[in-house]
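Notes for the one structure printed next.
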Amino acid sequence: MNDSTSRLPRQLYRAQDVQQLDKIAIEKHGIEGFKLMQRAGAVTFNSLLEQWPQTRHVRVFAGAGNNAGDGYVIARLAQEHGLHSEVIQVGDPESMQGDARRALDWAMEIKVDMLSLADYMASDAVERNDESPNTVMVDALLGTGLAREVSGTYAQAITHINDSKAAIVAVDIPSGLSADTGMPLGTTVAADLTVTYIGMKQGLLTGRGRDFAGRIVFSDLDIPETVYTNVDAPAVSATRLDINDATRHLQPRAITSHKSQHGHVVVVGGDFSYGGAVLLAAEAALRAGAGLVSVITRSVHRPAILARRPELMVLGTEDENVDIEALLSKASAIAIGTGLGTGAWSRMLLQQALSAQSSFRIPLVIDADGLRLLAEKPAGTTGSKRNSWILTPHPGEAAQLLDCSIDEVQQDRFAAVAALQSKWGGCCLLKGSGSLICCMESDAPKISLSTEGNPGMATAGMGDVLSGIAASLLAQGLEPADSLKCAVVIHGEAADLAMQVAGPRGMLASDLFPYIQRLVNPASL
């Protein structure tokens, strides 16, 4: 688990909701807006010094709104601390009003150096100071309300900040990043540190958000808890998950337990040349605690599967007198799609799995090629929307399920995962950095976001392992929502543990198995 994200709040908000929380703090709790601005500046400056204690020069790039006001506070605090401090005014200081104007005046009281962007870019300070390892750039250009692409002098300033050799801290959110979706709106600051306030912005944790945010520090600026529970307070837009969310669902087994009490997973897939995918899913189901795991695959794969993992039972579809329906009917959970292919054989197996789910009420996990075949079925037709299945698409598969482009999925991942659940039912996962889960809970769709995982997971077979974990937890009796949430965080945390041993590059999907077994036994950790 990433130590930085583990300290972040569980409640995630959209930009307009954080603005509402700020308004409640000021109007209903009597907290002066300028006081909040001073607190924000102080938290950011202290975080800056904590990360870069050798800092000698702080250069603030300021816009003209409240985000700039935080920047002027930082500039004053840096100068009072004995550092060389200056503000590069990208926004028109004459247009500043309210608390932001007070912050500007407060910095001017002690004669903080201030330059327009044009004067700064024409000076030799650009070359001289950006080479210094003790210079920190402060991005106080644009706040969370940005809704269009950055252009003009702001884009010029952002390009200069990114091209510098200095460390970069972003005030509340990197300028140019959407607080709601995590996608860049044109030119975007690539921060090393982002200090964000009052409400955790959901866009910092998914999409491209983590690419631009760097390390994230959160502060509630000491506003009272009653701000968040006020009758006018906005509902959270999503809930952050980490490995701690899995432990309450994974209780120690009874001493007298036996294999039939821990579920029978049937993994279906592995067309010609894709036997490894179904093997990975099946072994993951075993490592996650299923009592029995059977595989339905091409007969040619049986020797290799049993040589690797003799604990598995393998039914070959080319065997004599094969009875696929009989095996499926005995399953506690079915996982289909890993290495399934999209030919006639694949379609036959998917239809049999869907029929078994309907006839025997068996929960179903569909991934990979299973999703591609499912996307061919018109939504709304009989059997094409079910409450007892788990769908686990990556953005490309999600685009097929939603009949849209991958770019449209990625432009608003929160909207996309909600649309998946609305169209197809059940519990839906949208994979990627900051994976999103949408399930119906208490008759309303709820979105969760996982902060587990790392770039080492960008390799073949990782999705197969996740499918196996999810099916295993379903077979052991967890509800679909709990199974998917636990599977996602266990999968990501296992990868994080593997990365600590050997790094992200070169990580294999099978490297996760020892850590999966550890994580599904939290009482022994």
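Ordering of the structure tokens sets the chain letters (A, B, ...), residue numbers begin anew at 1 in every chain, and ligands are numbered from 1 in the order given.
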Write out, as CSV, each residue of range 349-423 of chain A that has an atom at most 12 Å from range 268-287 of chain A, together with the closest pair of atoms and their distance in Å to one decimal, counting only C-alpha atoms, rows going by chain and rising number.
residue,atom,partner,partner_atom,distance
A:Leu349,CA,A:Val268,CA,7.5
A:Leu350,CA,A:Val268,CA,8.4
A:Gln351,CA,A:Val268,CA,11.5
A:Gln352,CA,A:Val268,CA,10.2
A:Ala353,CA,A:Val268,CA,8.3
A:Leu354,CA,A:Val268,CA,11.7
A:Leu364,CA,A:Val268,CA,10.8
A:Val365,CA,A:Val268,CA,10.2
A:Ile366,CA,A:Val268,CA,9.8
A:Asp367,CA,A:Gly269,CA,10.2
A:Ala368,CA,A:Gly269,CA,10.1
A:Asp369,CA,A:Gly269,CA,9.0
A:Gly370,CA,A:Gly269,CA,8.9
Write out the residues from the selection above, keeping all heavy atoms, as an mmCIF file, in the first residue's frame.
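And here's selection_37.cif as it stands now:
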data_model
loop_
_atom_site.group_PDB
_atom_site.id
_atom_site.type_symbol
_atom_site.label_atom_id
_atom_site.label_comp_id
_atom_site.auth_asym_id
_atom_site.auth_seq_id
_atom_site.Cartn_x
_atom_site.Cartn_y
_atom_site.Cartn_z
ATOM 1 N N LEU A 349 -19.412 -21.587 -25.385
ATOM 2 C CA LEU A 349 -19.116 -21.644 -23.949
ATOM 3 C C LEU A 349 -19.738 -20.475 -23.200
ATOM 4 O O LEU A 349 -20.242 -20.643 -22.086
ATOM 5 C CB LEU A 349 -17.596 -21.666 -23.745
ATOM 6 C CG LEU A 349 -16.888 -22.972 -24.118
ATOM 7 C CD1 LEU A 349 -15.384 -22.815 -23.986
ATOM 8 C CD2 LEU A 349 -17.387 -24.126 -23.246
ATOM 9 N N LEU A 350 -19.704 -19.275 -23.787
ATOM 10 C CA LEU A 350 -20.327 -18.132 -23.120
ATOM 11 C C LEU A 350 -21.820 -18.363 -22.952
ATOM 12 O O LEU A 350 -22.385 -18.090 -21.886
ATOM 13 C CB LEU A 350 -20.068 -16.849 -23.898
ATOM 14 C CG LEU A 350 -20.721 -15.586 -23.294
ATOM 15 C CD1 LEU A 350 -20.184 -15.307 -21.885
ATOM 16 C CD2 LEU A 350 -20.499 -14.373 -24.186
ATOM 17 N N GLN A 351 -22.458 -18.868 -23.975
ATOM 18 C CA GLN A 351 -23.900 -19.109 -23.876
ATOM 19 C C GLN A 351 -24.200 -20.147 -22.806
ATOM 20 O O GLN A 351 -25.180 -20.015 -22.047
ATOM 21 C CB GLN A 351 -24.452 -19.568 -25.227
ATOM 22 C CG GLN A 351 -25.976 -19.633 -25.250
ATOM 23 C CD GLN A 351 -26.616 -18.311 -24.876
ATOM 24 O OE1 GLN A 351 -26.300 -17.266 -25.446
ATOM 25 N NE2 GLN A 351 -27.492 -18.340 -23.871
ATOM 26 N N GLN A 352 -23.365 -21.178 -22.721
ATOM 27 C CA GLN A 352 -23.591 -22.191 -21.688
ATOM 28 C C GLN A 352 -23.386 -21.603 -20.290
ATOM 29 O O GLN A 352 -24.121 -21.938 -19.356
ATOM 30 C CB GLN A 352 -22.670 -23.390 -21.913
ATOM 31 C CG GLN A 352 -23.091 -24.247 -23.102
ATOM 32 C CD GLN A 352 -22.398 -25.593 -23.108
ATOM 33 O OE1 GLN A 352 -21.202 -25.679 -23.370
ATOM 34 N NE2 GLN A 352 -23.123 -26.650 -22.820
ATOM 35 N N ALA A 353 -22.405 -20.736 -20.136
ATOM 36 C CA ALA A 353 -22.193 -20.094 -18.831
ATOM 37 C C ALA A 353 -23.365 -19.192 -18.471
ATOM 38 O O ALA A 353 -23.829 -19.184 -17.314
ATOM 39 C CB ALA A 353 -20.894 -19.306 -18.849
ATOM 40 N N LEU A 354 -23.851 -18.426 -19.432
ATOM 41 C CA LEU A 354 -25.006 -17.555 -19.175
ATOM 42 C C LEU A 354 -26.239 -18.380 -18.838
ATOM 43 O O LEU A 354 -27.027 -18.006 -17.945
ATOM 44 C CB LEU A 354 -25.267 -16.668 -20.391
ATOM 45 C CG LEU A 354 -24.203 -15.611 -20.706
ATOM 46 C CD1 LEU A 354 -24.494 -14.938 -22.044
ATOM 47 C CD2 LEU A 354 -24.127 -14.574 -19.598
ATOM 48 N N LEU A 364 -21.436 -14.897 -11.621
ATOM 49 C CA LEU A 364 -20.594 -15.015 -12.798
ATOM 50 C C LEU A 364 -19.647 -13.828 -12.894
ATOM 51 O O LEU A 364 -20.049 -12.680 -12.679
ATOM 52 C CB LEU A 364 -21.502 -15.056 -14.033
ATOM 53 C CG LEU A 364 -20.915 -15.251 -15.424
ATOM 54 C CD1 LEU A 364 -20.220 -16.605 -15.530
ATOM 55 C CD2 LEU A 364 -22.039 -15.158 -16.463
ATOM 56 N N VAL A 365 -18.379 -14.096 -13.207
ATOM 57 C CA VAL A 365 -17.386 -13.054 -13.494
ATOM 58 C C VAL A 365 -17.058 -13.133 -14.981
ATOM 59 O O VAL A 365 -16.685 -14.203 -15.478
ATOM 60 C CB VAL A 365 -16.096 -13.248 -12.672
ATOM 61 C CG1 VAL A 365 -15.063 -12.175 -13.033
ATOM 62 C CG2 VAL A 365 -16.405 -13.209 -11.178
ATOM 63 N N ILE A 366 -17.216 -12.013 -15.694
ATOM 64 C CA ILE A 366 -16.934 -11.995 -17.128
ATOM 65 C C ILE A 366 -15.809 -10.997 -17.391
ATOM 66 O O ILE A 366 -15.866 -9.844 -16.963
ATOM 67 C CB ILE A 366 -18.169 -11.616 -17.959
ATOM 68 C CG1 ILE A 366 -19.350 -12.527 -17.620
ATOM 69 C CG2 ILE A 366 -17.857 -11.708 -19.448
ATOM 70 C CD1 ILE A 366 -20.602 -12.237 -18.422
ATOM 71 N N ASP A 367 -14.796 -11.456 -18.120
ATOM 72 C CA ASP A 367 -13.630 -10.621 -18.414
ATOM 73 C C ASP A 367 -13.229 -10.826 -19.870
ATOM 74 O O ASP A 367 -13.688 -11.747 -20.545
ATOM 75 C CB ASP A 367 -12.474 -11.009 -17.478
ATOM 76 C CG ASP A 367 -11.250 -10.109 -17.626
ATOM 77 O OD1 ASP A 367 -11.423 -8.926 -17.956
ATOM 78 O OD2 ASP A 367 -10.126 -10.604 -17.430
ATOM 79 N N ALA A 368 -12.373 -9.948 -20.362
ATOM 80 C CA ALA A 368 -11.635 -10.113 -21.619
ATOM 81 C C ALA A 368 -12.564 -10.452 -22.787
ATOM 82 O O ALA A 368 -13.504 -9.722 -23.061
ATOM 83 C CB ALA A 368 -10.545 -11.166 -21.415
ATOM 84 N N ASP A 369 -12.292 -11.588 -23.469
ATOM 85 C CA ASP A 369 -13.081 -11.931 -24.650
ATOM 86 C C ASP A 369 -14.554 -12.148 -24.324
ATOM 87 O O ASP A 369 -15.422 -11.935 -25.179
ATOM 88 C CB ASP A 369 -12.516 -13.193 -25.313
ATOM 89 C CG ASP A 369 -11.167 -12.955 -25.966
ATOM 90 O OD1 ASP A 369 -10.932 -11.820 -26.435
ATOM 91 O OD2 ASP A 369 -10.343 -13.881 -26.001
ATOM 92 N N GLY A 370 -14.841 -12.570 -23.102
ATOM 93 C CA GLY A 370 -16.239 -12.702 -22.706
ATOM 94 C C GLY A 370 -16.971 -11.373 -22.792
ATOM 95 O O GLY A 370 -18.148 -11.311 -23.174
#
Practice task
Tell me, as a PyMOL selection string, which residues lie within 12 Å of Ala78 in chain A, counting only C-alpha atoms; anything in the same chain fewer than 2 positions away does not count.
Solution key: chain A and resi 41-42+44-46+48-49+55-60+71-76+80-87+107+110+112-113+135-136+138
Completion exercise
Using only C-alpha atoms, the shortest atom-to-atom distance to Met440 in chain A among A:Glu479, A:Glu397, A:Glu94, A:Asp232 belongs to A:Glu479
Problem - Residue with smallest distance to Ser332 in chain A - pool A:Val293, A:Ala344, A:Ala118, A:Ala103, counting only C-alpha atoms - result: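 When distances to Ser332 in chain A are compared using only C-alpha atoms, the smallest one comes from A:Val293.
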Each residue of range 22-139 of chain A with at least one atom at most 9 Å from range 159-163 of chain A should appear once, together with its nearest atom pair and the corresponding distance in Å (one decimal); atoms considered: only C-alpha atoms; ordering: chain, then increasing residue number; output as JSON lines.
{"residue": "A:Phe61", "atom": "CA", "partner": "A:Ile161", "partner_atom": "CA", "distance": 8.6}
{"residue": "A:Met137", "atom": "CA", "partner": "A:Ile161", "partner_atom": "CA", "distance": 7.0}
{"residue": "A:Val138", "atom": "CA", "partner": "A:Ile161", "partner_atom": "CA", "distance": 8.8}
{"residue": "A:Asp139", "atom": "CA", "partner": "A:Ile161", "partner_atom": "CA", "distance": 8.1}
Handout entry: Test item: residues at most 9 Å from Arg361 in chain A, only C-alpha atoms, excluding those fewer than 4 positions along its chain, as a ChimeraX atom specification
Key = /A:356-357,388
Practice task
Compile the contact shell of Ser435 in chain A as a ChimeraX atom specification: residues with an atom at most 9 Å away, counting only C-alpha atoms, same-chain residues fewer than 6 positions apart removed.
Solution key: /A:206-207,429,448-452,488
Any chance you could export the current selection's N, CA, C and O atoms as a PDB file, in the first residue's frame?
ATOM      1  N   THR A 206      -7.438   9.168 -10.276  1.00  0.00           N
ATOM      2  CA  THR A 206      -7.739   8.274 -11.388  1.00  0.00           C
ATOM      3  C   THR A 206      -7.416   8.968 -12.694  1.00  0.00           C
ATOM      4  O   THR A 206      -7.000  10.123 -12.714  1.00  0.00           O
ATOM      5  N   GLY A 207      -7.622   8.248 -13.823  1.00  0.00           N
ATOM      6  CA  GLY A 207      -7.269   8.816 -15.119  1.00  0.00           C
ATOM      7  C   GLY A 207      -5.786   9.139 -15.160  1.00  0.00           C
ATOM      8  O   GLY A 207      -4.940   8.358 -14.744  1.00  0.00           O
ATOM      9  N   LEU A 429     -16.447  -2.977 -13.053  1.00  0.00           N
ATOM     10  CA  LEU A 429     -15.119  -2.439 -12.780  1.00  0.00           C
ATOM     11  C   LEU A 429     -14.603  -1.766 -14.041  1.00  0.00           C
ATOM     12  O   LEU A 429     -14.753  -2.307 -15.135  1.00  0.00           O
ATOM     13  N   SER A 448     -16.733   3.308  -6.114  1.00  0.00           N
ATOM     14  CA  SER A 448     -15.542   3.189  -5.268  1.00  0.00           C
ATOM     15  C   SER A 448     -14.305   3.301  -6.144  1.00  0.00           C
ATOM     16  O   SER A 448     -14.336   2.944  -7.328  1.00  0.00           O
ATOM     17  N   LEU A 449     -13.218   3.781  -5.553  1.00  0.00           N
ATOM     18  CA  LEU A 449     -11.958   3.974  -6.271  1.00  0.00           C
ATOM     19  C   LEU A 449     -10.839   3.309  -5.486  1.00  0.00           C
ATOM     20  O   LEU A 449     -10.690   3.548  -4.290  1.00  0.00           O
ATOM     21  N   SER A 450     -10.059   2.481  -6.157  1.00  0.00           N
ATOM     22  CA  SER A 450      -8.945   1.805  -5.500  1.00  0.00           C
ATOM     23  C   SER A 450      -7.640   2.556  -5.725  1.00  0.00           C
ATOM     24  O   SER A 450      -7.307   2.904  -6.854  1.00  0.00           O
ATOM     25  N   THR A 451      -6.909   2.780  -4.640  1.00  0.00           N
ATOM     26  CA  THR A 451      -5.603   3.431  -4.758  1.00  0.00           C
ATOM     27  C   THR A 451      -4.451   2.430  -4.658  1.00  0.00           C
ATOM     28  O   THR A 451      -3.294   2.817  -4.568  1.00  0.00           O
ATOM     29  N   GLU A 452      -4.780   1.135  -4.678  1.00  0.00           N
ATOM     30  CA  GLU A 452      -3.728   0.123  -4.686  1.00  0.00           C
ATOM     31  C   GLU A 452      -3.213  -0.081  -6.114  1.00  0.00           C
ATOM     32  O   GLU A 452      -3.906   0.200  -7.091  1.00  0.00           O
ATOM     33  N   VAL A 488     -10.143  -6.364  -6.108  1.00  0.00           N
ATOM     34  CA  VAL A 488      -9.361  -5.275  -6.701  1.00  0.00           C
ATOM     35  C   VAL A 488      -8.261  -4.816  -5.758  1.00  0.00           C
ATOM     36  O   VAL A 488      -7.110  -4.618  -6.168  1.00  0.00           O
TER      37      VAL A 488
END
Practice task
Give me every alpha helix (DSSP H) residue in range 222-471 of chain A, going by DSSP on the backbone, as a PyMOL selection string.
Solution key: chain A and resi 226-229+244-247+275-287+302-308+324-329+344-360+369-374+395-402+406-411+413-424+462-471
Practice task
Just the residues within 9 Å of Pro363 in chain A, please, counting only C-alpha atoms, with nothing from its chain fewer than 6 positions along; format it as a list of chain:residue names.
Solution key: A:Ala331, A:Ser332, A:Ala333, A:Ile334, A:Ala335, A:Gln357, A:Ser388, A:Trp389, A:Ile390, A:Ala471, A:Leu474, A:Ala475, A:Pro480
Once you have the residues from the selection above, write them out as a JSON list (two decimals), in the first residue's frame, restricted to N, CA and C atoms.
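Heads up, here's the output in result_28.json:
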[["chain", "number", "residue", "atom", "x", "y", "z"],
["A", 331, "ALA", "N", -20.97, -25.45, -9.95],
["A", 331, "ALA", "CA", -20.11, -24.33, -9.55],
["A", 331, "ALA", "C", -20.77, -23.46, -8.49],
["A", 332, "SER", "N", -19.93, -22.92, -7.59],
["A", 332, "SER", "CA", -20.36, -21.85, -6.68],
["A", 332, "SER", "C", -20.19, -20.49, -7.34],
["A", 333, "ALA", "N", -19.25, -20.42, -8.29],
["A", 333, "ALA", "CA", -19.02, -19.20, -9.08],
["A", 333, "ALA", "C", -18.35, -19.61, -10.37],
["A", 334, "ILE", "N", -18.64, -18.87, -11.45],
["A", 334, "ILE", "CA", -18.06, -19.14, -12.75],
["A", 334, "ILE", "C", -17.28, -17.91, -13.19],
["A", 335, "ALA", "N", -16.08, -18.13, -13.70],
["A", 335, "ALA", "CA", -15.28, -17.06, -14.32],
["A", 335, "ALA", "C", -15.08, -17.41, -15.77],
["A", 357, "GLN", "N", -25.91, -19.70, -15.32],
["A", 357, "GLN", "CA", -26.19, -18.65, -14.34],
["A", 357, "GLN", "C", -27.68, -18.47, -14.16],
["A", 388, "SER", "N", -26.48, -10.35, -10.97],
["A", 388, "SER", "CA", -25.61, -11.29, -10.24],
["A", 388, "SER", "C", -24.30, -11.56, -10.96],
["A", 389, "TRP", "N", -23.90, -10.65, -11.83],
["A", 389, "TRP", "CA", -22.61, -10.85, -12.47],
["A", 389, "TRP", "C", -21.65, -9.70, -12.16],
["A", 390, "ILE", "N", -20.39, -9.96, -12.38],
["A", 390, "ILE", "CA", -19.33, -8.97, -12.24],
["A", 390, "ILE", "C", -18.68, -8.82, -13.60],
["A", 471, "ALA", "N", -13.74, -14.40, -8.60],
["A", 471, "ALA", "CA", -14.58, -15.60, -8.62],
["A", 471, "ALA", "C", -14.39, -16.42, -7.34],
["A", 474, "LEU", "N", -16.35, -14.79, -4.54],
["A", 474, "LEU", "CA", -17.77, -15.08, -4.75],
["A", 474, "LEU", "C", -18.09, -16.50, -4.28],
["A", 475, "ALA", "N", -17.26, -17.45, -4.68],
["A", 475, "ALA", "CA", -17.50, -18.85, -4.33],
["A", 475, "ALA", "C", -17.45, -19.07, -2.83],
["A", 480, "PRO", "N", -21.48, -9.98, -4.48],
["A", 480, "PRO", "CA", -20.73, -9.49, -5.64],
["A", 480, "PRO", "C", -19.99, -8.17, -5.39]]
